[in-house]
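Below is one structure; the comments refer to it alone.
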Number of protein chains: 2
Amino acid sequence: MNEQNTITRRSLLGAAGAAGAAGLVAGGAGGAAAAQTLHDDPTALASVGSATVPFHGDHQAGITTALQARGHLIAFDLAAGAGRKGAAALLRRWSAAAEAMTAGRVPSGDNQIALDAGPSSLTVTFGFGRTFFAKAGLDKQLPGSLAPLPDFSSDELVAAHCDGDLWVQIGSDDGLVAFHALRILQKEAGGAARLRWQMNGFNRTPGATAEPRTARNLMGQIDGTNNPKPSEPTFDRRIFVPASGSDGSPEWMAGGSYAVVRRIRMLLDTWDNLSLERQEKVIGRRKSDGAPLSAGSGGTETTPVDLDKRDADNLLAIASDAHVRVAKPESNGGAAILRRPWSYHDGFRDDGAPDAGLLFVCWQSDPLTGFVPVQRKLDSGDGLSRYLRHESSALFAVPGGAAKGEYVGQRLLET
Amino acid sequence: MNEQNTITRRSLLGAAGAAGAAGLVAGGAGGAAAAQTLHDDPTALASVGSATVPFHGDHQAGITTALQARGHLIAFDLAAGAGRKGAAALLRRWSAAAEAMTAGRVPSGDNQIALDAGPSSLTVTFGFGRTFFAKAGLDKQLPGSLAPLPDFSSDELVAAHCDGDLWVQIGSDDGLVAFHALRILQKEAGGAARLRWQMNGFNRTPGATAEPRTARNLMGQIDGTNNPKPSEPTFDRRIFVPASGSDGSPEWMAGGSYAVVRRIRMLLDTWDNLSLERQEKVIGRRKSDGAPLSAGSGGTETTPVDLDKRDADNLLAIASDAHVRVAKPESNGGAAILRRPWSYHDGFRDDGAPDAGLLFVCWQSDPLTGFVPVQRKLDSGDGLSRYLRHESSALFAVPGGAAKGEYVGQRLLET
């Protein structure tokens with residue numbers, strides 16, 4: 001991407017937009033937290049467009065960033081012969097393009113789809129799949145944590161929509177800004193990589209709720225209550241690879257994380273036909289406000305779940321196969337993953353059922369102690385899994401954020 | 001939809017949301033214009049969720065309503081044996097559900113997908129296709145204006161994605177609110193109608209631009225500059241059927257309009273490879289700001305197009321096959337259509353090209369003097385058509401809005 005001769009997209013927004021932007025640009029590596037704060041401030045919603053999440057930092061953006069309204073998940077395969085040099089040049093181009101777009105700069109020769117709008121909290125996140133390393137001649141750098149995920153009994157995977165050498169996650173609060181980023185990154189891929197699969201997702205639009213709320217999924221459930229919070233002392237250790245690397249992660253993964261991506265179709269016609277009471281028992285929480293069923297008729301979303309609580313008939317208030325029981329960290333040796341999903345809706349299938357559900361993306365410092373044990377338990381014991389079909393699966397090593405002047409993956413590709 | 005035992009969704013939003021909503025609810029039949037005003041007011045963006053477009057009025061909502069961020073276009077076919085009675089009961093159920101959801105009410109037993117959010121400018125618009133009338137035993141009420149659209153040379157139509165007995169257009173600024181409305185209306189269809197086709201669209205998110213702007217499409221062009229404005233004296237006559245009906249429209253269509261729906265795939269890879277200069281010549285406008293090329297290096301989007309203007313070399317400033325020349329009302333006997341499109345993006349095709357473009361929806365009091373002559377000229381003379389593929393086509397009679405206590409289509413179904 002030609003960074004010379006650029007215009008500042010925000011300059012097109014006029015004085016009010018520019019002033020808003022100046023106050024809203026989040027500094028430093030804590031961009032994700034800052035974006036969260038923006039959404040917490042109702043006055044900031046007048047400037048959805050000018051909200052900016054910094055590209056540079058210790059971690060890549062798009063991991064702890066507040067959910068955005070539109071997302072694209074795209075896997076590419078490295079072209080034959082591209083090798084490490086081709087991959088390094090590609091990541092350099094991609095990083096430059098992502099840095100420019102997330103800051104609201106538009107190169108000359110741009111297709112102008114995103115013109116008039118600000119970056120709208122645009123983030124671009126890059127990852128490497130297991131198959132990348134041999135193709136790039138980097139077998140020795142393959143993280144042990146990229147070991148293939150085990151098979152799960154509820155999987156109905158379609159190979160063409162699984163895995164991939166390279167992964168890009170794009171998120172923005174504006175659909176045209178997200179589409180623009182997708183087109184630009186695809187163009188920058190040139191002959192070095194070709195599209196393998198692509199999924200489009202969505203979440204709430206900023207301001208659709210009067211105050212920020214835990215998201216609902218297309219089953220109507222509040223989804224993400226138990227997510228670890230960045231303020232918790234164990235958060236970094238659970239989500240990010242430490243600076244020295246770890247058992248499963250070489251040093252080039254310092255500050256990185258692993259993304260598990262699962263396209264989970266929901267059997268919504270079946271689900272919507274269940275009674276509300278039955279749905280709540282499947283989950284273990286009240287649907288309207290997310291309070292655990294162990295809280296009886298009281299409690300709130302944040303009331304601690306009491307797995308031992310029994311009702312008047314001495315039955316477990318939260319059933320033995322309820323989703324919250326099986327998914328709870330205490331049930332999985334303390335495993336904790338950061339769920340950061342998108343809903344998807346691709347019309348309807350030949351059988352008339354909606355082709356819709358969750359683009360489940362979860363983040364952890366090691367999938368072998370994060371997603372894998374959680375999903376093993378869900379796979380065998382979760383009452384919710386009867387209403388879900390896992391149709392795609394992928395695992396990516398997402399390196400730490402690039403420092404200024406660096407590109408994402410440089411510490412891997414230039415070792 | 002059970003209207004008893006409802007809760008007001010807005011009551012969940014807390015005092016700030018409720019206050020905002022009270023100030024934002026647009027009264028009377030002019031709801032569309034009011035919604036436009038809401039988007040004009042930057043302070044209103046703090047309450048994207050509570051913005052409301054009235055269901056009742058002279059015209060249905062979703063025609064002159066400001067573009068919403070998310071849309072669903074859905075065609076249904078009437079079930080065999082449903083007949084006029086079944087259709088009347090269906091439109092009654094659909095109208096009741098649409099009225100409740102657009103006002104922010106949630107029925108008990110709801111799937112709760114939209115809970116926590118306000119209606120977010122939700123609109124639901126209903127129409128009847130040509131094939132509806134024989135099935136409902138209403139042949140005598142078939143509008144002449146529903147005559148099949150002519151074939152165009154650039155059509156590559158897929159029959160399964162064309163036409164349909166019934167049409168529903170859903171729009172909202174929030175993706176979950178729009179999906180919720182789709183699910184509820186599909187549920188209310190019950191055995192009376194089944195899904196024929198469905199398309200998902202999007203537009204800018206409110207606040208992504210610092211001030212309201214004419215939309216851009218996925219080619220990056222400003223799209224809709226020449227739209228007739230509700231303030232123009234000829235607007236109503238061109239867009240809506242008069243109170244006494246008209247040549248092509250029975251009296252039950254009073255206050256109604258005709259919607260032409262075309263799924264137009266854009267050959268974006270080809271288009272994006274053209275130089276900016278070439279793209280601008282194809283359109284006849286500057287891409288960055290939409291000024292007509294007849295204005296030289298000056299002008300703005302609203303500068304009148306001068307089709308006779310010649311440049312220093314005595315060549316037409318706006319080429320003979322430029323889109324603005326061929327599409328201009330003066331080139332089509334004064335025909336004017338109200339374009340109200342959505343962008344769409346359904347991933348990529350087997351050939352690697354993006355499956356993306358425009359869900360073109362245009363509105364007019366009579367397609368025979370609106371869309372048909374415009375498209376005839378575009379089909380033969382528009383330089384832009386080389387980069388477009390019309391893959392779906394449908395035409396619907398969209399009756400006037402329902403008065404309070406009435407349902408949409410009642411004047412047709414109870415004649």
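Identifiers for the structure tokens are assigned positionally: chains receive A, B, ... in sequence, residues are indexed from 1 per chain, and ligands are indexed from 1 in the order shown.
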
Shell around range 217-220 of chain A at 10 Å using only C-alpha atoms, local window under 2 positions removed, as a ChimeraX atom specification: /A:203-204,214-215,222-224,266-269,271-272,279,287-288,341-345,356-358,387 /B:110-115,176,179-180,183

Write a file of the just-selected residues containing C-alpha atoms, as an mmCIF file, in the first residue's frame.
data_model
loop_
_atom_site.group_PDB
_atom_site.id
_atom_site.type_symbol
_atom_site.label_atom_id
_atom_site.label_comp_id
_atom_site.auth_asym_id
_atom_site.auth_seq_id
_atom_site.Cartn_x
_atom_site.Cartn_y
_atom_site.Cartn_z
ATOM 1 C CA ASN A 203 -22.800 -8.026 16.467
ATOM 2 C CA ARG A 204 -24.839 -5.247 18.012
ATOM 3 C CA THR A 214 -23.164 -8.533 27.391
ATOM 4 C CA ALA A 215 -24.076 -9.635 23.868
ATOM 5 C CA ILE A 222 -26.817 -13.577 26.915
ATOM 6 C CA ASP A 223 -23.460 -14.906 25.783
ATOM 7 C CA GLY A 224 -20.092 -14.131 27.382
ATOM 8 C CA MET A 266 -27.637 -23.285 15.516
ATOM 9 C CA LEU A 267 -30.692 -25.475 14.986
ATOM 10 C CA LEU A 268 -32.873 -22.418 15.532
ATOM 11 C CA ASP A 269 -36.171 -23.924 14.395
ATOM 12 C CA TRP A 271 -34.526 -24.341 19.629
ATOM 13 C CA ASP A 272 -37.261 -21.743 19.161
ATOM 14 C CA GLN A 279 -34.310 -23.360 27.170
ATOM 15 C CA LYS A 287 -32.912 -16.021 29.500
ATOM 16 C CA SER A 288 -34.185 -12.500 30.101
ATOM 17 C CA PRO A 341 -17.694 -14.345 18.768
ATOM 18 C CA TRP A 342 -19.726 -12.994 15.864
ATOM 19 C CA SER A 343 -23.201 -14.026 14.854
ATOM 20 C CA TYR A 344 -23.635 -15.132 11.254
ATOM 21 C CA HIS A 345 -26.614 -15.493 8.973
ATOM 22 C CA ALA A 356 -27.243 -19.060 10.958
ATOM 23 C CA GLY A 357 -25.424 -19.304 14.236
ATOM 24 C CA LEU A 358 -22.157 -18.312 15.807
ATOM 25 C CA TYR A 387 -28.917 -27.758 19.200
ATOM 26 C CA ASP B 110 -40.648 -14.176 22.281
ATOM 27 C CA ASN B 111 -37.284 -15.687 21.402
ATOM 28 C CA GLN B 112 -35.634 -12.623 23.016
ATOM 29 C CA ILE B 113 -32.955 -12.148 20.354
ATOM 30 C CA ALA B 114 -33.698 -8.415 20.211
ATOM 31 C CA LEU B 115 -34.046 -7.953 23.958
ATOM 32 C CA LEU B 176 -29.927 -8.603 15.842
ATOM 33 C CA PHE B 179 -32.729 -10.896 12.415
ATOM 34 C CA HIS B 180 -35.288 -11.068 15.210
ATOM 35 C CA ARG B 183 -37.495 -14.932 12.584
#

Counting only C-alpha atoms, what is within 7 Å of His72 in chain A, bar same-chain residues fewer than 5 positions away, as a list in words?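 Answer for this query is Gln169, Ile170, Gly171, Gln198, Met199, Asn200 and Gly201 of chain A.
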
Which polymer residues have any atom within 7 Å of an atom of Leu91 in chain A, counting only C-alpha atoms, with same-chain residues fewer than 5 positions away left out, as a list in words? Tyr407, Val408 and Gly409 of chain A

Store the residues of this selection in a file with C-alpha atoms, as a PDB file, in the first residue's frame.
ATOM      1  CA  TYR A 407       5.217  -5.718  10.847  1.00  0.00           C
ATOM      2  CA  VAL A 408       3.112  -8.483  12.349  1.00  0.00           C
ATOM      3  CA  GLY A 409       4.996 -11.771  12.311  1.00  0.00           C
TER       4      GLY A 409
END

I'd like the contact shell of Arg93 in chain B - 12 Å cut-off, only C-alpha atoms, skipping same-chain residues fewer than 2 positions apart - returned as a list in words.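 Counting only C-alpha atoms, the residues come to Met1, Asn2, Glu3, Gly86, Ala87, Ala88, Ala89, Leu90, Leu91, Ser95, Ala96, Ala97, Ala98, Glu99, Ala100, Ile184, Leu185, Gln186, Lys187, Glu188, Ala189, Gly190, Ala192, Glu406, Tyr407, Val408, Gly409 and Gln410 of chain B.
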
Could you state the separation of CA of Gly347 in chain B and CA of Trp197 in chain A in Å, given to one decimal place?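 For CA of Gly347 in chain B relative to CA of Trp197 in chain A, the distance reads 8.4 Å.
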
What's around Pro367 in chain B at 9 Å? Count only C-alpha atoms, leave out sequence neighbours fewer than 6 positions away in its own chain, and write the answer as a ChimeraX atom specification. /B:145-147,149,258-260,337,373,395

In terms of only C-alpha atoms, the residue from B:Asp313, B:Asp350, B:Glu156, B:Asp236 at minimal distance from chain A is B:Asp350

Extract, using only C-alpha atoms, all DNA, RNA and protein residues at most 8 Å from Ala397 in chain A, discarding same-chain residues fewer than 4 positions from it, and format them as a PyMOL selection string. chain A and resi 127-129+143+146+253+256-259

Could you turn the residues from that selection into a file that holds N, CA and C atoms, as an mmCIF file, in the first residue's frame?
data_model
loop_
_atom_site.group_PDB
_atom_site.id
_atom_site.type_symbol
_atom_site.label_atom_id
_atom_site.label_comp_id
_atom_site.auth_asym_id
_atom_site.auth_seq_id
_atom_site.Cartn_x
_atom_site.Cartn_y
_atom_site.Cartn_z
ATOM 1 N N GLY A 127 -3.043 -14.167 11.749
ATOM 2 C CA GLY A 127 -2.592 -15.399 12.387
ATOM 3 C C GLY A 127 -2.010 -16.385 11.392
ATOM 4 N N PHE A 128 -1.307 -17.390 11.940
ATOM 5 C CA PHE A 128 -0.674 -18.432 11.124
ATOM 6 C C PHE A 128 -1.248 -19.796 11.503
ATOM 7 N N GLY A 129 -1.633 -20.564 10.487
ATOM 8 C CA GLY A 129 -2.114 -21.927 10.732
ATOM 9 C C GLY A 129 -0.971 -22.930 10.672
ATOM 10 N N PRO A 143 4.781 -23.846 16.621
ATOM 11 C CA PRO A 143 4.473 -23.972 18.049
ATOM 12 C C PRO A 143 3.839 -25.333 18.352
ATOM 13 N N LEU A 146 0.115 -25.512 18.361
ATOM 14 C CA LEU A 146 -0.673 -25.586 17.119
ATOM 15 C C LEU A 146 -0.981 -27.034 16.732
ATOM 16 N N MET A 253 6.362 -15.954 19.617
ATOM 17 C CA MET A 253 4.949 -15.822 19.983
ATOM 18 C C MET A 253 4.745 -14.959 21.240
ATOM 19 N N GLY A 256 1.662 -12.998 22.023
ATOM 20 C CA GLY A 256 0.646 -13.507 21.094
ATOM 21 C C GLY A 256 -0.432 -14.291 21.811
ATOM 22 N N SER A 257 -1.304 -14.881 21.039
ATOM 23 C CA SER A 257 -2.407 -15.661 21.575
ATOM 24 C C SER A 257 -2.810 -16.682 20.509
ATOM 25 N N TYR A 258 -3.587 -17.663 20.901
ATOM 26 C CA TYR A 258 -4.093 -18.651 19.936
ATOM 27 C C TYR A 258 -5.585 -18.458 19.752
ATOM 28 N N ALA A 259 -5.996 -18.443 18.486
ATOM 29 C CA ALA A 259 -7.422 -18.273 18.171
ATOM 30 C C ALA A 259 -7.985 -19.595 17.679
#

Write out as a PyMOL selection string all residues of range 19-221 of chain B that backbone DSSP assigns to helix (DSSP H, G or I). chain B and resi 19-24+31-40+42-47+83-102+130-135+139-141+144-146+159-161+175-189

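Remark: for chain A, the closest of the candidate residues B:Asp351, B:Asp247, B:Glu414, B:Asp306 is B:Asp351 (distances computed over only C-alpha atoms).
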
Among range 317-401 of chain B, which residues does DSSP mark as strand (DSSP E) when it is run on the backbone? Keep the chain and numbering as in the structure and answer as a ChimeraX atom specification. /B:338-339,342-348,354-364,388-398

Save out the residues we just selected, C-alpha atoms, as a compact mmCIF listing (two decimals), in the first residue's frame.
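Result file again.txt:
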# COMPACT_ATOMS: atom_id res chain seq x y z
CA LEU B 338 -36.64 6.49 -5.82
CA ARG B 339 -33.62 4.25 -5.40
CA TRP B 342 -28.70 -2.20 0.11
CA SER B 343 -25.22 -3.49 -0.49
CA TYR B 344 -24.77 -7.23 -0.22
CA HIS B 345 -21.79 -9.49 0.27
CA ASP B 346 -22.24 -13.24 0.40
CA GLY B 347 -18.61 -14.31 0.42
CA PHE B 348 -16.97 -15.40 -2.81
CA PRO B 354 -16.58 -11.68 -4.68
CA ASP B 355 -20.28 -12.51 -4.55
CA ALA B 356 -21.14 -8.91 -3.77
CA GLY B 357 -22.97 -5.94 -5.19
CA LEU B 358 -26.24 -4.14 -4.84
CA LEU B 359 -29.68 -5.23 -3.71
CA PHE B 360 -31.25 -2.59 -5.92
CA VAL B 361 -34.70 -1.60 -4.69
CA CYS B 362 -36.49 1.22 -6.47
CA TRP B 363 -39.89 2.74 -5.82
CA GLN B 364 -42.34 4.35 -8.23
CA LEU B 388 -22.81 -5.55 -13.59
CA ARG B 389 -24.80 -8.78 -13.69
CA HIS B 390 -28.51 -8.73 -12.87
CA GLU B 391 -29.03 -12.11 -11.19
CA SER B 392 -32.47 -11.70 -9.59
CA SER B 393 -35.51 -9.67 -10.47
CA ALA B 394 -38.90 -9.16 -8.89
CA LEU B 395 -41.73 -6.66 -8.92
CA PHE B 396 -44.15 -6.13 -6.07
CA ALA B 397 -47.27 -4.05 -5.48
CA VAL B 398 -46.77 -2.47 -2.07
